$ cat data25.txt   # compact mmCIF, C-alpha atoms
# COMPACT_ATOMS: atom_id res chain seq x y z
CA MET A 1 53.64 80.54 103.13
CA SER A 2 55.09 77.35 104.65
CA LYS A 3 52.83 74.39 105.35
CA GLU A 4 51.77 73.38 108.80
CA VAL A 5 54.06 70.78 110.30
CA VAL A 6 51.79 67.85 111.11
CA ASN A 7 52.33 66.33 114.54
CA PRO A 8 55.92 67.52 114.88
CA ILE A 9 58.23 65.28 116.86
CA ARG A 10 61.66 65.86 118.35
CA ASN A 11 64.71 64.33 116.71
CA GLY A 12 65.56 61.37 118.91
CA GLN A 13 69.28 62.03 118.47
CA VAL A 14 69.04 65.30 120.37
CA ALA A 15 70.05 64.98 124.02
CA TRP A 16 68.07 67.31 126.26
CA ARG A 17 67.11 68.04 129.83
CA ILE A 18 64.82 70.62 131.45
CA ILE A 19 66.71 72.57 134.09
CA GLU A 20 65.10 75.37 136.06
CA GLY A 21 62.31 75.49 133.50
CA ARG A 22 64.62 75.84 130.50
CA ALA A 23 65.56 73.17 127.97
CA LEU A 24 69.23 72.52 127.41
CA LEU A 25 69.98 70.60 124.23
CA ILE A 26 73.02 68.97 122.70
CA THR A 27 72.75 68.45 118.93
CA PRO A 28 75.14 65.60 118.14
CA TRP A 29 75.55 66.41 114.43
CA ASP A 30 77.39 69.65 115.20
CA SER A 31 78.39 68.93 118.82
CA MET A 32 76.70 72.15 119.92
CA MET A 33 74.90 73.06 123.11
CA HIS A 34 71.69 75.12 122.90
CA ALA A 35 69.81 76.77 125.74
CA LEU A 36 66.16 77.47 124.86
CA ASN A 37 64.19 80.37 126.25
CA GLU A 38 61.01 79.85 128.21
CA ALA A 39 58.64 79.92 125.23
CA ALA A 40 60.83 77.68 123.07
CA THR A 41 61.14 75.26 126.00
CA ALA A 42 57.35 75.08 126.24
CA ILE A 43 57.05 74.38 122.51
CA TRP A 44 59.88 71.83 122.67
CA GLN A 45 58.01 69.87 125.34
CA TYR A 46 54.97 69.58 123.10
CA LEU A 47 56.99 68.00 120.28
CA ASP A 48 56.22 64.41 121.19
CA GLY A 49 54.27 63.59 118.03
CA SER A 50 50.86 63.73 119.67
CA CYS A 51 50.04 67.39 118.96
CA LYS A 52 49.35 69.27 115.75
CA GLU A 53 51.11 72.55 115.18
CA SER A 54 47.84 74.41 115.63
CA ASP A 55 47.20 72.63 118.95
CA ILE A 56 50.64 73.65 120.17
CA ALA A 57 50.02 77.25 119.17
CA ALA A 58 46.71 77.27 121.03
CA ALA A 59 48.36 75.83 124.14
CA ILE A 60 51.19 78.36 123.98
CA ALA A 61 48.72 81.24 123.53
CA GLU A 62 46.90 80.15 126.66
CA GLN A 63 50.03 79.39 128.69
CA PHE A 64 51.74 82.71 127.94
CA ASP A 65 48.57 84.76 127.60
CA VAL A 66 49.39 86.01 124.10
CA PRO A 67 47.14 86.40 121.02
CA LEU A 68 46.70 83.18 119.05
CA ALA A 69 48.17 84.75 115.90
CA GLU A 70 51.33 85.65 117.77
CA ALA A 71 51.63 82.15 119.21
CA GLU A 72 51.09 80.62 115.77
CA SER A 73 53.84 82.78 114.36
CA ASP A 74 56.22 81.87 117.18
CA VAL A 75 55.51 78.16 116.93
CA ARG A 76 55.85 78.22 113.13
CA GLY A 77 59.11 80.14 113.37
CA PHE A 78 60.55 77.79 115.97
CA LEU A 79 59.59 74.69 114.03
CA GLN A 80 61.09 76.11 110.84
CA GLU A 81 64.33 76.69 112.73
CA LEU A 82 64.35 73.07 113.83
CA LEU A 83 63.74 71.65 110.35
CA MET B 1 110.84 54.59 125.35
CA ASP B 2 113.04 55.90 128.16
CA GLN B 3 114.65 53.90 130.98
CA SER B 4 111.61 54.26 133.24
CA GLY B 5 109.39 52.70 130.62
CA ASP B 6 107.61 55.96 129.73
CA LEU B 7 106.97 56.68 126.08
CA VAL B 8 108.64 59.97 125.24
CA LEU B 9 107.53 61.76 122.07
CA ARG B 10 109.67 64.39 120.40
CA GLY B 11 108.93 66.69 117.48
CA SER B 12 105.42 67.53 116.28
CA PHE B 13 103.03 66.04 118.83
CA TRP B 14 99.93 68.05 118.00
CA PRO B 15 98.11 65.65 115.62
CA LEU B 16 98.55 62.71 117.99
CA GLU B 17 97.54 64.82 120.98
CA ARG B 18 94.39 65.92 119.17
CA ALA B 19 93.47 62.31 118.34
CA LEU B 20 94.14 61.20 121.91
CA LYS B 21 91.91 63.95 123.29
CA VAL B 22 89.01 62.94 121.04
CA CYS B 23 89.40 59.24 121.91
CA MET B 24 89.70 59.98 125.61
CA SER B 25 86.65 62.26 125.52
CA LEU B 26 84.58 59.49 123.98
CA ILE B 27 85.80 56.90 126.47
CA MET B 28 85.18 59.26 129.37
CA ALA B 29 81.61 59.94 128.22
CA HIS B 30 80.90 56.20 128.47
CA LYS B 31 82.38 56.08 131.97
CA ASP B 32 80.32 58.91 133.48
CA GLY B 33 83.05 61.44 132.96
CA PHE B 34 84.41 64.10 130.66
CA LEU B 35 87.51 66.10 129.80
CA LEU B 36 87.31 69.72 130.81
CA HIS B 37 89.26 72.74 129.59
CA ALA B 38 90.53 73.54 133.06
CA SER B 39 93.46 73.69 135.37
CA GLY B 40 93.26 71.53 138.45
CA LEU B 41 94.84 71.68 141.88
CA ILE B 42 94.70 69.69 145.07
CA TYR B 43 93.91 71.91 148.03
CA ARG B 44 93.61 70.46 151.53
CA GLY B 45 93.17 67.04 149.98
CA PHE B 46 90.35 68.07 147.65
CA GLY B 47 90.34 68.80 143.94
CA LEU B 48 89.66 72.34 142.76
CA VAL B 49 89.05 72.89 139.08
CA PHE B 50 89.37 76.22 137.25
CA SER B 51 87.68 76.07 133.88
CA GLY B 52 87.89 78.29 130.83
CA ARG B 53 89.00 78.40 127.25
CA SER B 54 92.39 79.54 126.00
CA GLY B 55 93.40 82.87 127.49
CA SER B 56 91.03 82.62 130.45
CA GLY B 57 93.88 82.30 132.96
CA LYS B 58 94.14 78.57 133.67
CA THR B 59 97.93 78.55 133.61
CA THR B 60 98.02 81.84 135.54
CA ILE B 61 96.00 80.18 138.32
CA THR B 62 98.42 77.27 138.65
CA GLY B 63 101.33 79.72 138.58
CA LEU B 64 99.74 81.65 141.47
CA SER B 65 99.14 78.48 143.49
CA ARG B 66 102.67 77.19 143.90
CA THR B 67 102.06 75.37 147.16
CA CYS B 68 99.30 73.17 145.77
CA PRO B 69 99.97 69.96 143.86
CA ILE B 70 98.93 70.49 140.23
CA LEU B 71 96.66 68.07 138.38
CA SER B 72 96.91 69.95 135.10
CA ASP B 73 97.19 73.48 133.78
CA ASP B 74 95.06 72.88 130.69
CA ILE B 75 92.82 69.80 130.67
CA VAL B 76 91.41 67.93 133.65
CA ALA B 77 89.64 64.58 133.51
CA ILE B 78 86.49 64.43 135.65
CA ARG B 79 84.84 61.17 136.56
CA ARG B 80 81.88 60.28 138.69
CA ARG B 81 82.45 57.80 141.46
CA GLY B 82 79.39 56.97 143.51
CA GLU B 83 77.95 60.09 145.03
CA THR B 84 80.86 62.33 144.14
CA PHE B 85 83.25 63.29 141.38
CA LEU B 86 86.99 62.89 141.12
CA ALA B 87 89.40 65.15 139.23
CA PHE B 88 92.43 63.64 137.54
CA GLY B 89 95.43 65.13 135.82
CA THR B 90 96.06 64.50 132.15
CA PRO B 91 99.25 64.54 130.08
CA PHE B 92 97.86 67.46 128.06
CA GLY B 93 99.12 70.94 128.87
CA GLY B 94 102.38 72.59 129.76
CA ALA B 95 102.75 72.04 133.50
CA GLU B 96 106.15 70.54 134.19
CA GLU B 97 105.15 68.54 137.24
CA ILE B 98 101.71 67.07 137.60
CA VAL B 99 100.33 64.77 140.26
CA HIS B 100 99.38 61.28 139.22
CA GLY B 101 96.07 59.99 140.55
CA GLY B 102 92.90 61.87 141.40
CA ALA B 103 91.28 63.91 144.13
CA GLN B 104 87.70 64.11 145.30
CA MET B 105 86.26 67.33 143.95
CA LYS B 106 85.31 70.23 146.16
CA ALA B 107 84.47 73.01 143.71
CA CYS B 108 84.58 74.14 140.12
CA PHE B 109 85.43 77.74 139.23
CA SER B 110 84.69 79.33 135.88
CA LEU B 111 87.47 81.84 135.29
CA LYS B 112 86.98 85.49 134.51
CA LYS B 113 89.76 88.05 134.57
CA GLY B 114 89.09 91.25 136.53
CA LYS B 115 90.64 93.91 138.71
CA HIS B 116 89.32 92.61 142.01
CA PRO B 117 88.77 89.06 143.28
CA LEU B 118 85.14 88.06 143.38
CA LEU B 119 83.38 84.75 143.84
CA THR B 120 79.83 84.31 142.54
CA ALA B 121 77.85 81.12 143.06
CA LEU B 122 76.25 79.76 139.91
CA ALA B 123 72.68 78.47 139.79
CA SER B 124 72.17 75.04 138.23
CA LEU B 125 71.32 76.15 134.69
CA SER B 126 74.16 78.67 134.47
CA ALA B 127 76.58 76.17 135.95
CA LEU B 128 75.58 73.51 133.46
CA LYS B 129 75.74 75.86 130.46
CA ASP B 130 79.16 77.01 131.57
CA LEU B 131 80.37 73.47 132.12
CA LEU B 132 79.17 72.25 128.72
CA LYS B 133 80.95 75.15 127.00
CA ASN B 134 84.22 73.96 128.47
CA ILE B 135 83.85 70.22 127.92
CA LEU B 136 86.09 68.95 125.14
CA SER B 137 84.48 67.36 122.10
CA LEU B 138 80.75 67.06 122.82
CA PRO B 139 79.73 63.66 121.41
CA GLN B 140 78.44 63.30 117.84
CA ASN B 141 76.12 60.51 118.85
CA GLY B 142 72.72 60.97 120.48
CA PRO B 143 72.86 58.35 123.26
CA THR B 144 76.43 59.30 124.19
CA ALA B 145 75.50 62.98 124.21
CA GLY B 146 72.56 62.10 126.47
CA ARG B 147 74.80 60.24 128.87
CA LEU B 148 77.26 63.13 128.95
CA LEU B 149 74.45 65.59 129.59
CA GLU B 150 73.26 63.48 132.50
CA THR B 151 76.79 63.26 133.93
CA ALA B 152 77.25 67.02 133.58
CA ARG B 153 73.87 67.60 135.21
CA GLU B 154 74.83 65.42 138.17
CA PHE B 155 78.15 67.24 138.41
CA THR B 156 76.44 70.61 138.79
CA ARG B 157 74.09 69.12 141.39
CA ARG B 158 76.83 67.66 143.55
CA ILE B 159 79.77 70.02 143.08
CA GLU B 160 79.76 73.68 144.09
CA CYS B 161 80.14 75.83 140.96
CA TYR B 162 81.25 79.46 140.95
CA VAL B 163 82.46 82.22 138.70
CA LEU B 164 85.86 83.32 139.97
CA THR B 165 86.83 86.82 138.92
CA PHE B 166 90.52 87.31 139.61
CA PRO B 167 93.37 89.76 139.08
CA PRO B 168 96.81 88.35 138.23
CA ASP B 169 97.85 87.95 141.85
CA PRO B 170 97.13 85.41 144.61
CA SER B 171 94.47 87.58 146.32
CA PHE B 172 91.71 85.28 145.04
CA TRP B 173 92.94 82.58 147.42
CA LYS B 174 91.36 84.36 150.38
CA LEU B 175 87.96 83.76 148.78
CA ILE B 176 88.68 80.09 148.19
CA GLU B 177 90.05 79.58 151.70
CA ALA B 178 86.79 80.95 153.10
CA LEU B 179 84.66 78.35 151.36
$ encode --input "data25.txt" --output "structure tokens"
Amino acid sequence: MSKEVVNPIRNGQVAWRIIEGRALLITPWDSMMHALNEAATAIWQYLDGSCKESDIAAAIAEQFDVPLAEAESDVRGFLQELL
Amino acid sequence: MDQSGDLVLRGSFWPLERALKVCMSLIMAHKDGFLLHASGLIYRGFGLVFSGRSGSGKTTITGLSRTCPILSDDIVAIRRRGETFLAFGTPFGGAEEIVHGGAQMKACFSLKKGKHPLLTALASLSALKDLLKNILSLPQNGPTAGRLLETAREFTRRIECYVLTFPPDPSFWKLIEAL
């Protein structure tokens, strides 16, 4: 099982904007555009270095009214994708 | 160099063209602009841009719009000026006669081939996603990418963006004339 990412923070090289509640990202290393879904956008906004992974999962569980275990799995999965 | 002072290149031009496009894209990003895979026309004094990748119908559109001055049939340069955006022709593409200079933009159409002409307005997010897909060479540098994203965002705020479904005939012009 992968370790918890402590106080995850966005890569400062990534250009992003929130538009109509969805994050749109440009990753400069591959010159690609990415459109995040609603849940991923919510997680993305928490990645400012002030929150622990478990705090983010708790916030997502509350915001989207899903079981904590499901939110933890989603947050973990998203963060692993970003690493 | 010909008698008019223009530099005329013969033979294999592709590698130089590719390098010029990348350089121009970078310069444009720093000047609140971008290069767009699009054909461009001037209609009633305003710039109309028809964006899409290869095979989307950019050249078909210019071919079906003979009475309009052509900015480009392949790549259009877009640049912000104050509260609006201007569309400029580029030397890239196959159009034989292009207009020099720019035109204030009226609308941007994302091309889609179909049996019947149809115009669908795009909401901000869809318009921006569509625009970014058709911008040449997204920057490989964070701050520049951020600036481009901001320019593209402003573009979709200020310029009407649509999906234009069109058959290979001029019937789509009725939709554009009604705008």
$ atom_distance --input "data25.txt" --atom1 "CA of Thr59 in chain B" --atom2 "CA of Gly89 in chain B"
13.8 Å
$ closest_residue --input "data25.txt" --among "B:Gly5, B:Pro91, B:Gly52, B:Gly45" --to "Lys133 in chain B" --atoms "only C-alpha atoms"
B:Gly52
$ interface_residues --input "data25.txt" --of "chain A" --to "chain B" --cutoff "12 Å" --atoms "all atoms listed in the file" --output "list of chain:residue names"
A:Asn11, A:Gly12, A:Gln13, A:Val14, A:Ala15, A:Trp16, A:Arg17, A:Ile18, A:Ile19, A:Glu20, A:Gly21, A:Arg22, A:Ala23, A:Leu24, A:Leu25, A:Ile26, A:Thr27, A:Pro28, A:Trp29, A:Asp30, A:Ser31, A:Met32, A:Met33, A:His34, A:Ala35, A:Leu36, A:Asn37
$ closest_residue --input "data25.txt" --among "A:Ile9, A:Gly49, A:Gln63, A:Ala42" --to "Val75 in chain A" --atoms "all atoms listed in the file"
A:Ala42
$ residues_around --input "data25.txt" --residues "Glu53 in chain A" --least-positions-apart "6" --cutoff "10 Å" --atoms "only C-alpha atoms" --output "PDB file with C-alpha atoms, keeping the file's coordinate frame"
ATOM      1  CA  GLU A   4      51.770  73.380 108.800  1.00  0.00           C
ATOM      2  CA  VAL A   5      54.060  70.780 110.300  1.00  0.00           C
ATOM      3  CA  VAL A   6      51.790  67.850 111.110  1.00  0.00           C
ATOM      4  CA  ASN A   7      52.330  66.330 114.540  1.00  0.00           C
ATOM      5  CA  PRO A   8      55.920  67.520 114.880  1.00  0.00           C
ATOM      6  CA  ILE A  43      57.050  74.380 122.510  1.00  0.00           C
ATOM      7  CA  TYR A  46      54.970  69.580 123.100  1.00  0.00           C
ATOM      8  CA  LEU A  47      56.990  68.000 120.280  1.00  0.00           C
ATOM      9  CA  ALA A  59      48.360  75.830 124.140  1.00  0.00           C
ATOM     10  CA  GLU A  72      51.090  80.620 115.770  1.00  0.00           C
ATOM     11  CA  VAL A  75      55.510  78.160 116.930  1.00  0.00           C
ATOM     12  CA  ARG A  76      55.850  78.220 113.130  1.00  0.00           C
ATOM     13  CA  LEU A  79      59.590  74.690 114.030  1.00  0.00           C
TER      14      LEU A  79
END
$ atom_distance --input "data25.txt" --atom1 "CA of Ile159 in chain B" --atom2 "CA of Lys174 in chain B"
19.8 Å
$ closest_residue --input "data25.txt" --among "B:Thr120, B:Ile42, B:Gln3, B:Ser171" --to "Thr67 in chain B" --atoms "all atoms listed in the file"
B:Ile42
$ atom_distance --input "data25.txt" --atom1 "CA of Glu81 in chain A" --atom2 "CA of Gln45 in chain A"
15.7 Å
$ closest_residue --input "data25.txt" --among "B:Phe92, B:Pro170, B:Ile78, B:Tyr43" --to "Leu16 in chain B" --atoms "all atoms listed in the file"
B:Phe92
$ closest_residue --input "data25.txt" --among "B:Ala127, B:Lys112, B:Cys68, B:Thr90" --to "Arg53 in chain B" --atoms "only C-alpha atoms"
B:Lys112
$ residues_around --input "data25.txt" --residues "Gln104 in chain B" --least-positions-apart "6" --cutoff "8 Å" --atoms "only C-alpha atoms" --output "short mmCIF file (atom, residue, chain, number, x, y, z; two decimals) with C-alpha atoms, in the coordinates of the input"
data_model
loop_
_atom_site.label_atom_id
_atom_site.label_comp_id
_atom_site.auth_asym_id
_atom_site.auth_seq_id
_atom_site.Cartn_x
_atom_site.Cartn_y
_atom_site.Cartn_z
CA GLY B 45 93.17 67.04 149.98
CA PHE B 46 90.35 68.07 147.65
CA GLY B 47 90.34 68.80 143.94
CA THR B 84 80.86 62.33 144.14
CA PHE B 85 83.25 63.29 141.38
CA LEU B 86 86.99 62.89 141.12
CA ALA B 87 89.40 65.15 139.23
#
